[in-house]
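Trainee: First the structure, then my questions, so here it is.
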Amino acid sequence: MKIIHQMRLKGPWDYLWKSPELTSDELGIPTEGRHKIPVLWKNCFGERMGLVVWSRRFQKPTNLDKSERVMIATHKLAGVQAVCLNGKPLPSDDQTESGFRFDVTEALQASNILEIEIRCESAEQSVSRGMTEPAIIEIWSLTE
């Protein structure tokens with residue numbers, strides 16, 4: 001197998017503060033919004049700790065042939081708690097501190113939403129966590 005094409009999901013990502021469940025006034029920052037990535041936790045949320053869901057819409061790649069697979073990958077995203085595609089969790093055993101890669105070929109729809117939950121629990125973590133890298137859509141060829 002080899003990668004034949006990559007598309008980085010850059011641009012703005014939406015975020016939704018998941019926990020603790022506080023209002024914007026109680027939290028001191030917006031509980032939902034949009035932010036250009038890459039962004040460190042501390043630059044987006046300051047000293048507030050908790051769990052945030054980052055989401056990004058994308059379209060299914062077109063003109064795929066039967067020997068091609070579509071993967072979603074990241075590199076060096078720390079604090080990932082869950083990854084979902086179109087509301088369905090992707091296998092948590094495929095996630096590591098250095099990133100993840102999932103074959104999503106069969107799960108893709110015409111329009112998709114990728115959600116990545118990231119947790120930050122300390123000021124020390126806030127300087128390395130956040131949406132520090134874009135997710136990548138990779139198209140792999142099964143033929144050499």
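Following the order of the structure tokens, chains are lettered A, B, ..., residues in each are numbered from 1, and ligands are numbered from 1.
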Hey, could you make a per-residue contact list for stretch 16-43 of chain A against stretch 99-123 of chain A with 10 Å as the cut-off, showing the nearest pair of atoms and its distance in Å to one decimal, counting only C-alpha atoms, sorted by chain and number, as CSV?
Mentor:
```
residue,atom,partner,partner_atom,distance
A:Leu16,CA,A:Glu117,CA,9.4
A:Trp17,CA,A:Glu117,CA,9.7
A:Lys18,CA,A:Glu117,CA,8.7
A:Ser19,CA,A:Arg119,CA,9.1
A:Trp41,CA,A:Cys120,CA,7.6
A:Lys42,CA,A:Ala123,CA,7.9
```
Trainee: Name the residues of stretch 18-65 of chain A that come out as strand (DSSP E or B) in a backbone DSSP run; write them as a ChimeraX atom specification.
Mentor: /A:18-19,32-36,39-40,50-59
Trainee: With only C-alpha atoms as the atoms that count, which of A:Ser55, A:Thr31, A:Gln125, A:Ser141 lies nearest to A:Leu9?
Mentor: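 Of A:Ser55, A:Thr31, A:Gln125, A:Ser141, the one nearest A:Leu9, counting only C-alpha atoms, is A:Ser55.
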Trainee: Using only C-alpha atoms, can you tell me which of A:Pro89, A:Gly130, A:Gly46, A:Gly79 comes closest to A:Ile29?
Mentor: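 When distances to A:Ile29 are compared using only C-alpha atoms, the smallest one comes from A:Gly46.
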Trainee: May I ask for the distance between atom CA of A:Gly33 and atom CA of A:Trp13, given in Å to one decimal place?
Mentor: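 Calculated distance between atom CA of A:Gly33 and atom CA of A:Trp13 is 8.5 Å.
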Trainee: Run DSSP on the backbone of this structure and report the residues of chain A it assigns to alpha helix (DSSP H), as a short mmCIF file (atom, residue, chain, number, x, y, z; two decimals) with N, CA and C atoms, in the first residue's frame.
Mentor:
```cif
data_model
loop_
_atom_site.label_atom_id
_atom_site.label_comp_id
_atom_site.auth_asym_id
_atom_site.auth_seq_id
_atom_site.Cartn_x
_atom_site.Cartn_y
_atom_site.Cartn_z
N SER A 24 -21.12 30.29 29.23
CA SER A 24 -20.01 31.16 28.81
C SER A 24 -19.61 32.11 29.92
N ASP A 25 -20.61 32.66 30.64
CA ASP A 25 -20.32 33.59 31.74
C ASP A 25 -19.57 32.89 32.87
N GLU A 26 -20.01 31.67 33.21
CA GLU A 26 -19.35 30.92 34.29
C GLU A 26 -17.94 30.49 33.89
N LEU A 27 -17.79 30.12 32.62
CA LEU A 27 -16.50 29.63 32.14
C LEU A 27 -15.53 30.78 31.90
N TRP A 41 -3.99 24.92 23.45
CA TRP A 41 -5.08 25.05 24.42
C TRP A 41 -5.01 26.41 25.12
N LYS A 42 -3.82 26.76 25.61
CA LYS A 42 -3.69 28.00 26.39
C LYS A 42 -4.05 29.23 25.58
N ASN A 43 -3.79 29.20 24.26
CA ASN A 43 -4.10 30.34 23.41
C ASN A 43 -5.57 30.45 23.07
N CYS A 44 -6.29 29.37 23.23
CA CYS A 44 -7.71 29.36 22.91
C CYS A 44 -8.57 29.45 24.18
N PHE A 45 -8.18 28.74 25.23
CA PHE A 45 -9.01 28.63 26.43
C PHE A 45 -8.35 29.16 27.69
#
```
Trainee: Considering only C-alpha atoms, state which residue in the set A:Gly87, A:Pro61, A:Pro38, A:Gly50 is at the smallest distance from A:Gly11.
Mentor: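 The answer is A:Pro38, which sits nearest to A:Gly11.
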Trainee: For A:Tyr15, find every residue with an atom within 6 Å (counting only C-alpha atoms), except residues of its own chain fewer than 2 positions away, and show them as a PyMOL selection string.
Mentor: chain A and resi 32-34+53-54
Trainee: To one decimal place, how far is atom CA of A:Met131 from atom CA of A:Ala82 in Å?
Mentor: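 Separation of atom CA of A:Met131 and atom CA of A:Ala82: 13.5 Å.
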Trainee: Would you work out the distance separating atom CA of A:Val52 from atom CA of A:Ile139, expressed in Å to one decimal?
Mentor: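 These atoms are spaced 28.2 Å apart.
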Trainee: Of the candidates A:Leu40, A:Met7, A:Met49, A:Leu90, which one gets nearest to A:Ala78 if we count only C-alpha atoms?
Mentor: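 Of A:Leu40, A:Met7, A:Met49, A:Leu90, the one nearest A:Ala78, counting only C-alpha atoms, is A:Leu40.
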Trainee: Go through A:Lys76, A:Lys2, A:Arg48, A:Arg69 and flag the residue nearest A:Thr132, using only C-alpha atoms for the distances.
Mentor: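 Closest to A:Thr132 of all the choices is A:Lys76.
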